[in-house]
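coords15.txt (compact mmCIF, N, CA and C atoms and all ligand atoms)
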```
# COMPACT_ATOMS: atom_id res chain seq x y z
N MET A 174 266.03 289.47 241.48
CA MET A 174 267.10 289.57 240.49
C MET A 174 268.26 290.33 241.08
N HIS A 175 269.40 290.27 240.41
CA HIS A 175 270.58 290.91 240.99
C HIS A 175 271.48 291.49 239.89
N LEU A 176 272.40 292.30 240.38
CA LEU A 176 273.36 293.01 239.54
C LEU A 176 274.73 292.78 240.16
N LEU A 177 275.75 292.55 239.33
CA LEU A 177 277.12 292.43 239.84
C LEU A 177 277.87 293.70 239.45
N VAL A 178 278.48 294.34 240.44
CA VAL A 178 279.17 295.61 240.20
C VAL A 178 280.58 295.53 240.75
N VAL A 179 281.55 295.82 239.90
CA VAL A 179 282.95 295.90 240.33
C VAL A 179 283.26 297.36 240.63
N ASP A 180 283.70 297.62 241.87
CA ASP A 180 283.97 299.01 242.24
C ASP A 180 285.37 299.43 241.77
N ARG A 181 285.76 300.67 242.10
CA ARG A 181 287.04 301.19 241.59
C ARG A 181 288.25 300.59 242.30
N GLN A 182 288.01 299.82 243.34
CA GLN A 182 289.10 299.09 244.00
C GLN A 182 289.18 297.66 243.47
N GLY A 183 288.32 297.32 242.52
CA GLY A 183 288.35 295.98 241.94
C GLY A 183 287.53 294.96 242.71
N GLN A 184 286.79 295.41 243.70
CA GLN A 184 285.98 294.49 244.50
C GLN A 184 284.60 294.31 243.86
N GLU A 185 284.15 293.07 243.77
CA GLU A 185 282.84 292.80 243.17
C GLU A 185 281.75 292.77 244.24
N HIS A 186 280.62 293.37 243.93
CA HIS A 186 279.48 293.42 244.85
C HIS A 186 278.29 292.79 244.15
N ARG A 187 277.54 291.98 244.89
CA ARG A 187 276.31 291.39 244.36
C ARG A 187 275.15 292.17 244.96
N LEU A 188 274.45 292.92 244.14
CA LEU A 188 273.41 293.82 244.62
C LEU A 188 272.03 293.28 244.23
N GLU A 189 271.17 293.15 245.23
CA GLU A 189 269.79 292.79 244.91
C GLU A 189 269.14 293.97 244.17
N ALA A 190 268.32 293.65 243.19
CA ALA A 190 267.72 294.70 242.37
C ALA A 190 266.26 294.36 242.09
N LEU A 191 265.50 295.38 241.77
CA LEU A 191 264.09 295.19 241.44
C LEU A 191 263.86 295.49 239.96
N GLU A 192 262.96 294.74 239.37
CA GLU A 192 262.62 294.96 237.96
C GLU A 192 262.13 296.39 237.76
N GLY A 193 262.59 297.00 236.69
CA GLY A 193 262.15 298.35 236.36
C GLY A 193 263.05 299.44 236.90
N TRP A 194 263.95 299.06 237.83
CA TRP A 194 264.90 300.05 238.35
C TRP A 194 266.02 300.25 237.35
N ARG A 195 266.54 301.46 237.35
CA ARG A 195 267.71 301.74 236.53
C ARG A 195 268.94 301.16 237.22
N VAL A 196 269.88 300.66 236.44
CA VAL A 196 271.12 300.13 237.02
C VAL A 196 271.79 301.20 237.88
N MET A 197 271.78 302.44 237.43
CA MET A 197 272.35 303.54 238.22
C MET A 197 271.70 303.63 239.59
N GLU A 198 270.37 303.52 239.66
CA GLU A 198 269.66 303.64 240.93
C GLU A 198 270.03 302.51 241.88
N VAL A 199 270.19 301.32 241.35
CA VAL A 199 270.57 300.17 242.19
C VAL A 199 271.95 300.43 242.79
N ILE A 200 272.89 300.85 241.96
CA ILE A 200 274.26 301.11 242.44
C ILE A 200 274.25 302.21 243.49
N ARG A 201 273.54 303.27 243.22
CA ARG A 201 273.49 304.41 244.15
C ARG A 201 272.82 304.02 245.46
N ASP A 202 271.70 303.32 245.38
CA ASP A 202 270.95 303.01 246.59
C ASP A 202 271.67 302.01 247.48
N TRP A 203 272.56 301.20 246.90
CA TRP A 203 273.36 300.30 247.74
C TRP A 203 274.62 300.98 248.27
N GLY A 204 274.78 302.25 247.96
CA GLY A 204 275.84 303.04 248.57
C GLY A 204 277.19 302.96 247.88
N LEU A 205 277.23 302.41 246.67
CA LEU A 205 278.50 302.43 245.94
C LEU A 205 278.71 303.81 245.32
N SER A 206 279.96 304.10 245.01
CA SER A 206 280.30 305.45 244.57
C SER A 206 279.95 305.66 243.10
N ILE A 207 278.86 306.33 242.87
CA ILE A 207 278.48 306.72 241.51
C ILE A 207 277.83 308.09 241.63
N LYS A 208 278.31 309.06 240.86
CA LYS A 208 277.83 310.43 241.05
C LYS A 208 276.41 310.62 240.54
N ALA A 209 276.17 310.21 239.29
CA ALA A 209 274.83 310.33 238.71
C ALA A 209 274.24 311.71 238.96
N GLU A 210 275.01 312.72 238.59
CA GLU A 210 274.66 314.11 238.93
C GLU A 210 273.31 314.56 238.39
N CYS A 211 272.91 314.05 237.23
CA CYS A 211 271.66 314.55 236.66
C CYS A 211 270.46 313.73 237.11
N GLY A 212 270.69 312.73 237.93
CA GLY A 212 269.58 311.95 238.47
C GLY A 212 268.96 310.97 237.49
N GLY A 213 269.64 310.73 236.39
CA GLY A 213 269.13 309.72 235.45
C GLY A 213 268.53 310.30 234.20
N ALA A 214 268.77 311.57 233.93
CA ALA A 214 268.17 312.24 232.77
C ALA A 214 269.02 312.14 231.51
N CYS A 215 270.07 311.33 231.56
CA CYS A 215 270.96 311.17 230.40
C CYS A 215 271.60 312.51 230.03
N ALA A 216 271.98 313.28 231.04
CA ALA A 216 272.49 314.63 230.77
C ALA A 216 273.84 314.90 231.43
N CYS A 217 274.50 313.89 232.01
CA CYS A 217 275.75 314.21 232.70
C CYS A 217 276.89 313.22 232.45
N ALA A 218 276.58 311.98 232.15
CA ALA A 218 277.60 310.93 231.91
C ALA A 218 278.40 310.57 233.16
N THR A 219 277.96 310.99 234.34
CA THR A 219 278.69 310.61 235.56
C THR A 219 278.17 309.29 236.14
N CYS A 220 277.40 308.57 235.35
CA CYS A 220 276.98 307.21 235.75
C CYS A 220 277.61 306.19 234.80
N HIS A 221 278.76 306.56 234.24
CA HIS A 221 279.47 305.76 233.25
C HIS A 221 279.94 304.43 233.84
N VAL A 222 279.61 303.34 233.17
CA VAL A 222 280.08 302.01 233.57
C VAL A 222 280.58 301.27 232.33
N TYR A 223 281.38 300.24 232.59
CA TYR A 223 281.79 299.31 231.54
C TYR A 223 280.99 298.03 231.72
N VAL A 224 280.35 297.61 230.64
CA VAL A 224 279.53 296.39 230.67
C VAL A 224 280.39 295.20 230.24
N ASP A 225 280.31 294.10 230.97
CA ASP A 225 281.05 292.91 230.57
C ASP A 225 280.70 292.56 229.12
N GLN A 226 281.73 292.22 228.36
CA GLN A 226 281.54 292.00 226.92
C GLN A 226 280.42 291.01 226.63
N GLU A 227 280.32 289.95 227.42
CA GLU A 227 279.30 288.93 227.13
C GLU A 227 277.88 289.49 227.25
N TRP A 228 277.75 290.62 227.93
CA TRP A 228 276.42 291.22 228.11
C TRP A 228 276.10 292.28 227.07
N MET A 229 277.09 292.74 226.34
CA MET A 229 276.86 293.89 225.45
C MET A 229 275.74 293.64 224.45
N SER A 230 275.72 292.47 223.84
CA SER A 230 274.73 292.20 222.80
C SER A 230 273.36 291.90 223.39
N ARG A 231 273.29 291.74 224.70
CA ARG A 231 272.01 291.40 225.33
C ARG A 231 271.28 292.64 225.84
N LEU A 232 271.93 293.78 225.76
CA LEU A 232 271.29 295.02 226.21
C LEU A 232 270.64 295.74 225.04
N ALA A 233 269.59 296.50 225.33
CA ALA A 233 269.02 297.35 224.30
C ALA A 233 270.09 298.34 223.86
N PRO A 234 270.18 298.62 222.56
CA PRO A 234 271.23 299.52 222.09
C PRO A 234 271.04 300.93 222.66
N PRO A 235 272.15 301.69 222.78
CA PRO A 235 272.04 303.05 223.31
C PRO A 235 271.27 303.97 222.38
N THR A 236 270.57 304.92 222.98
CA THR A 236 269.88 305.94 222.19
C THR A 236 270.90 306.96 221.68
N ASP A 237 270.47 307.81 220.77
CA ASP A 237 271.36 308.88 220.28
C ASP A 237 271.79 309.78 221.43
N GLU A 238 270.86 310.03 222.37
CA GLU A 238 271.20 310.89 223.52
C GLU A 238 272.31 310.25 224.37
N GLU A 239 272.21 308.95 224.59
CA GLU A 239 273.25 308.28 225.38
C GLU A 239 274.59 308.32 224.64
N ILE A 240 274.56 308.10 223.35
CA ILE A 240 275.81 308.13 222.58
C ILE A 240 276.42 309.53 222.65
N ASP A 241 275.60 310.56 222.54
CA ASP A 241 276.09 311.95 222.62
C ASP A 241 276.72 312.21 223.98
N GLN A 242 276.08 311.75 225.05
CA GLN A 242 276.63 311.97 226.39
C GLN A 242 277.95 311.22 226.56
N LEU A 243 278.01 309.99 226.06
CA LEU A 243 279.26 309.22 226.20
C LEU A 243 280.40 309.91 225.45
N ASP A 244 280.06 310.63 224.39
CA ASP A 244 281.10 311.37 223.66
C ASP A 244 281.80 312.38 224.56
N SER A 245 281.11 312.85 225.58
CA SER A 245 281.70 313.87 226.45
C SER A 245 282.32 313.25 227.71
N ALA A 246 282.26 311.93 227.84
CA ALA A 246 282.78 311.27 229.04
C ALA A 246 284.28 310.99 228.90
N PHE A 247 284.91 310.75 230.04
CA PHE A 247 286.32 310.37 230.05
C PHE A 247 286.44 308.84 229.99
N PHE A 248 287.59 308.36 229.52
CA PHE A 248 287.93 306.93 229.59
C PHE A 248 286.88 306.05 228.92
N VAL A 249 286.35 306.51 227.79
CA VAL A 249 285.31 305.74 227.10
C VAL A 249 285.93 304.54 226.38
N GLU A 250 285.28 303.40 226.52
CA GLU A 250 285.72 302.17 225.84
C GLU A 250 284.55 301.66 224.99
N SER A 251 284.83 300.60 224.22
CA SER A 251 283.78 300.06 223.34
C SER A 251 282.61 299.49 224.13
N ASN A 252 282.84 299.16 225.39
CA ASN A 252 281.76 298.60 226.21
C ASN A 252 281.24 299.62 227.23
N SER A 253 281.45 300.89 226.96
CA SER A 253 280.94 301.94 227.85
C SER A 253 279.43 302.10 227.67
N ARG A 254 278.73 302.26 228.78
CA ARG A 254 277.32 302.61 228.77
C ARG A 254 277.04 303.54 229.94
N LEU A 255 275.87 304.20 229.88
CA LEU A 255 275.42 305.00 231.01
C LEU A 255 274.46 304.15 231.84
N ALA A 256 274.77 304.02 233.12
CA ALA A 256 274.01 303.10 233.97
C ALA A 256 272.56 303.55 234.16
N CYS A 257 272.29 304.83 233.95
CA CYS A 257 270.90 305.28 234.10
C CYS A 257 270.05 304.90 232.90
N GLN A 258 270.68 304.42 231.85
CA GLN A 258 269.93 304.08 230.64
C GLN A 258 269.73 302.58 230.48
N ILE A 259 270.10 301.81 231.51
CA ILE A 259 269.90 300.36 231.47
C ILE A 259 268.90 300.01 232.56
N LEU A 260 267.82 299.37 232.18
CA LEU A 260 266.79 298.99 233.14
C LEU A 260 266.96 297.54 233.58
N MET A 261 266.69 297.28 234.86
CA MET A 261 266.68 295.91 235.35
C MET A 261 265.43 295.20 234.82
N SER A 262 265.62 294.02 234.28
CA SER A 262 264.52 293.23 233.73
C SER A 262 264.99 291.78 233.72
N PRO A 263 264.11 290.85 233.40
CA PRO A 263 264.59 289.46 233.31
C PRO A 263 265.76 289.31 232.34
N GLN A 264 265.82 290.18 231.34
CA GLN A 264 266.91 290.10 230.36
C GLN A 264 268.24 290.60 230.94
N THR A 265 268.17 291.45 231.96
CA THR A 265 269.41 292.00 232.52
C THR A 265 269.71 291.43 233.91
N ASP A 266 268.92 290.46 234.36
CA ASP A 266 269.18 289.83 235.65
C ASP A 266 270.56 289.17 235.61
N GLY A 267 271.43 289.57 236.56
CA GLY A 267 272.78 289.01 236.60
C GLY A 267 273.80 289.81 235.82
N LEU A 268 273.38 290.93 235.24
CA LEU A 268 274.28 291.82 234.50
C LEU A 268 275.51 292.17 235.36
N ARG A 269 276.69 292.24 234.73
CA ARG A 269 277.91 292.59 235.44
C ARG A 269 278.52 293.83 234.80
N VAL A 270 278.73 294.86 235.62
CA VAL A 270 279.32 296.11 235.14
C VAL A 270 280.46 296.53 236.08
N THR A 271 281.33 297.37 235.55
CA THR A 271 282.45 297.92 236.32
C THR A 271 282.33 299.44 236.33
N LEU A 272 282.47 300.05 237.49
CA LEU A 272 282.40 301.51 237.57
C LEU A 272 283.59 302.12 236.83
N ALA A 273 283.32 303.10 235.99
CA ALA A 273 284.39 303.80 235.27
C ALA A 273 285.07 304.78 236.24
N PRO A 274 286.33 305.13 235.97
CA PRO A 274 286.97 306.17 236.80
C PRO A 274 286.13 307.43 236.76
N ASP A 275 286.16 308.20 237.85
CA ASP A 275 285.25 309.35 237.90
C ASP A 275 285.81 310.59 237.20
N GLY A 276 286.98 310.48 236.59
CA GLY A 276 287.49 311.57 235.76
C GLY A 276 288.13 312.70 236.53
N GLU A 277 288.35 312.52 237.83
CA GLU A 277 288.97 313.59 238.61
C GLU A 277 290.35 313.17 239.09
S1 LIG B 1 272.85 309.93 235.77
FE1 LIG B 1 273.34 311.53 234.44
S2 LIG B 1 273.60 310.54 232.53
FE2 LIG B 1 273.14 308.93 233.90
```
Spell out the structure here as structure tokens.
Amino acid sequence: MHLLVVDRQGQEHRLEALEGWRVMEVIRDWGLSIKAECGGACACATCHVYVDQEWMSRLAPPTDEEIDQLDSAFFVESNSRLACQILMSPQTDGLRVTLAPDGE
């Protein structure tokens, strides 16, 4: 399965991914720029991504913890999600996300 990621320069990357991995881990392990300071504990919001609109309804809805963290993030949009809270699965195979600005 794979993930499509648009970096902050607007370049799209097709990343091979494994089922059960967090989207954040796939992005980080392929060397794209994502801070993910808390390591996936839903405690930092530095893994903020924008999900393509067509995918929004196909993802599991955010937990209260994710919504709380997004409240503290910069540049939040209606399609904002935390990449550590999205798991790769047959339902998310081919998911396309864009890295949010890092807020600095
Ligand atoms: S890595 Fe910290 S909230 Fe996702």
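Ranking A:Ala246, A:Leu255, A:Ala190, A:Val224 by their shortest atom-to-atom distance to ligand LIG 1 (chain B), with all atoms listed in the file included, puts A:Leu255 first.
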List all protein, DNA and RNA residues that have at least one atom no more than 5 Å from any atom of ligand LIG 1 (chain B), counting all atoms listed in the file, and write them as an MDAnalysis selection string.
chainID A and resid 209:220 257
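Across the structure, atom CA of A:Ile200 and atom CA of A:Thr271 are spaced 10.7 Å apart.
The interatomic distance for the pair atom CA of A:Gln258 and atom N of A:His221 works out to 9.9 Å.
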Just how far from atom CA of A:Gln226 is atom C of A:Met174, in Å to one decimal?
19.5 Å
As a ChimeraX atom specification, list the residues of chain A assigned to strand (DSSP E or B) by DSSP on the backbone atoms of this structure.
/A:175-179,185-189,195,221-224,253-255,260,269-272
Quick one: 6 Å padding each side, axis-aligned, all listed atoms of stretch 176-186 of chain A - centre and edge lengths in Å to one decimal, as lines of an AutoDock Vina configuration file?
```
center_x = 280.8
center_y = 296.7
center_z = 242.1
size_x = 28.8
size_y = 20.9
size_z = 17.5
```
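Once A:Ala233 and its same-chain neighbours fewer than 5 positions away are set aside, Gln258, Ile259, Leu260, Gln264 and Thr265 of chain A remain within 10 Å of it when counting only C-alpha atoms.
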Please identify which residues in chain A DSSP calls alpha helix (DSSP H) from the backbone, and express them as a PyMOL selection string.
chain A and resi 196-202+226-229+237-244
Take the selection from the previous step and output its residues with N, CA and C atoms, as an mmCIF file, in the frame of the given file.
```
data_model
loop_
_atom_site.group_PDB
_atom_site.id
_atom_site.type_symbol
_atom_site.label_atom_id
_atom_site.label_comp_id
_atom_site.auth_asym_id
_atom_site.auth_seq_id
_atom_site.Cartn_x
_atom_site.Cartn_y
_atom_site.Cartn_z
ATOM 1 N N VAL A 196 269.880 300.660 236.440
ATOM 2 C CA VAL A 196 271.120 300.130 237.020
ATOM 3 C C VAL A 196 271.790 301.200 237.880
ATOM 4 N N MET A 197 271.780 302.440 237.430
ATOM 5 C CA MET A 197 272.350 303.540 238.220
ATOM 6 C C MET A 197 271.700 303.630 239.590
ATOM 7 N N GLU A 198 270.370 303.520 239.660
ATOM 8 C CA GLU A 198 269.660 303.640 240.930
ATOM 9 C C GLU A 198 270.030 302.510 241.880
ATOM 10 N N VAL A 199 270.190 301.320 241.350
ATOM 11 C CA VAL A 199 270.570 300.170 242.190
ATOM 12 C C VAL A 199 271.950 300.430 242.790
ATOM 13 N N ILE A 200 272.890 300.850 241.960
ATOM 14 C CA ILE A 200 274.260 301.110 242.440
ATOM 15 C C ILE A 200 274.250 302.210 243.490
ATOM 16 N N ARG A 201 273.540 303.270 243.220
ATOM 17 C CA ARG A 201 273.490 304.410 244.150
ATOM 18 C C ARG A 201 272.820 304.020 245.460
ATOM 19 N N ASP A 202 271.700 303.320 245.380
ATOM 20 C CA ASP A 202 270.950 303.010 246.590
ATOM 21 C C ASP A 202 271.670 302.010 247.480
ATOM 22 N N GLN A 226 281.730 292.220 228.360
ATOM 23 C CA GLN A 226 281.540 292.000 226.920
ATOM 24 C C GLN A 226 280.420 291.010 226.630
ATOM 25 N N GLU A 227 280.320 289.950 227.420
ATOM 26 C CA GLU A 227 279.300 288.930 227.130
ATOM 27 C C GLU A 227 277.880 289.490 227.250
ATOM 28 N N TRP A 228 277.750 290.620 227.930
ATOM 29 C CA TRP A 228 276.420 291.220 228.110
ATOM 30 C C TRP A 228 276.100 292.280 227.070
ATOM 31 N N MET A 229 277.090 292.740 226.340
ATOM 32 C CA MET A 229 276.860 293.890 225.450
ATOM 33 C C MET A 229 275.740 293.640 224.450
ATOM 34 N N ASP A 237 270.470 307.810 220.770
ATOM 35 C CA ASP A 237 271.360 308.880 220.280
ATOM 36 C C ASP A 237 271.790 309.780 221.430
ATOM 37 N N GLU A 238 270.860 310.030 222.370
ATOM 38 C CA GLU A 238 271.200 310.890 223.520
ATOM 39 C C GLU A 238 272.310 310.250 224.370
ATOM 40 N N GLU A 239 272.210 308.950 224.590
ATOM 41 C CA GLU A 239 273.250 308.280 225.380
ATOM 42 C C GLU A 239 274.590 308.320 224.640
ATOM 43 N N ILE A 240 274.560 308.100 223.350
ATOM 44 C CA ILE A 240 275.810 308.130 222.580
ATOM 45 C C ILE A 240 276.420 309.530 222.650
ATOM 46 N N ASP A 241 275.600 310.560 222.540
ATOM 47 C CA ASP A 241 276.090 311.950 222.620
ATOM 48 C C ASP A 241 276.720 312.210 223.980
ATOM 49 N N GLN A 242 276.080 311.750 225.050
ATOM 50 C CA GLN A 242 276.630 311.970 226.390
ATOM 51 C C GLN A 242 277.950 311.220 226.560
ATOM 52 N N LEU A 243 278.010 309.990 226.060
ATOM 53 C CA LEU A 243 279.260 309.220 226.200
ATOM 54 C C LEU A 243 280.400 309.910 225.450
ATOM 55 N N ASP A 244 280.060 310.630 224.390
ATOM 56 C CA ASP A 244 281.100 311.370 223.660
ATOM 57 C C ASP A 244 281.800 312.380 224.560
#
```
Who sits within 5 Å of A:Gly267, all atoms listed in the file, same chain under 2 positions skipped, as a ChimeraX atom specification:
/A:175-177,265,269
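For the set A:Pro274, A:Trp203, A:Ala256, A:Gln242, the residue with the smallest atom-to-atom gap to A:Leu188 is A:Trp203, counting all atoms listed in the file.
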Set the distance at 8 Å and use only N, CA and C atoms: which residues neighbour A:Ala273 once local chain neighbours fewer than 4 positions away are removed? I'd like the list as a PyMOL selection string.
chain A and resi 179-181+220-223+247-248
Using all atoms listed in the file, list the residues that have an atom at most 7 Å from (277.7, 298.1, 226.6), coordinates as in the file, as an MDAnalysis selection string.
chainID A and resid 223:225 228:230 251:254
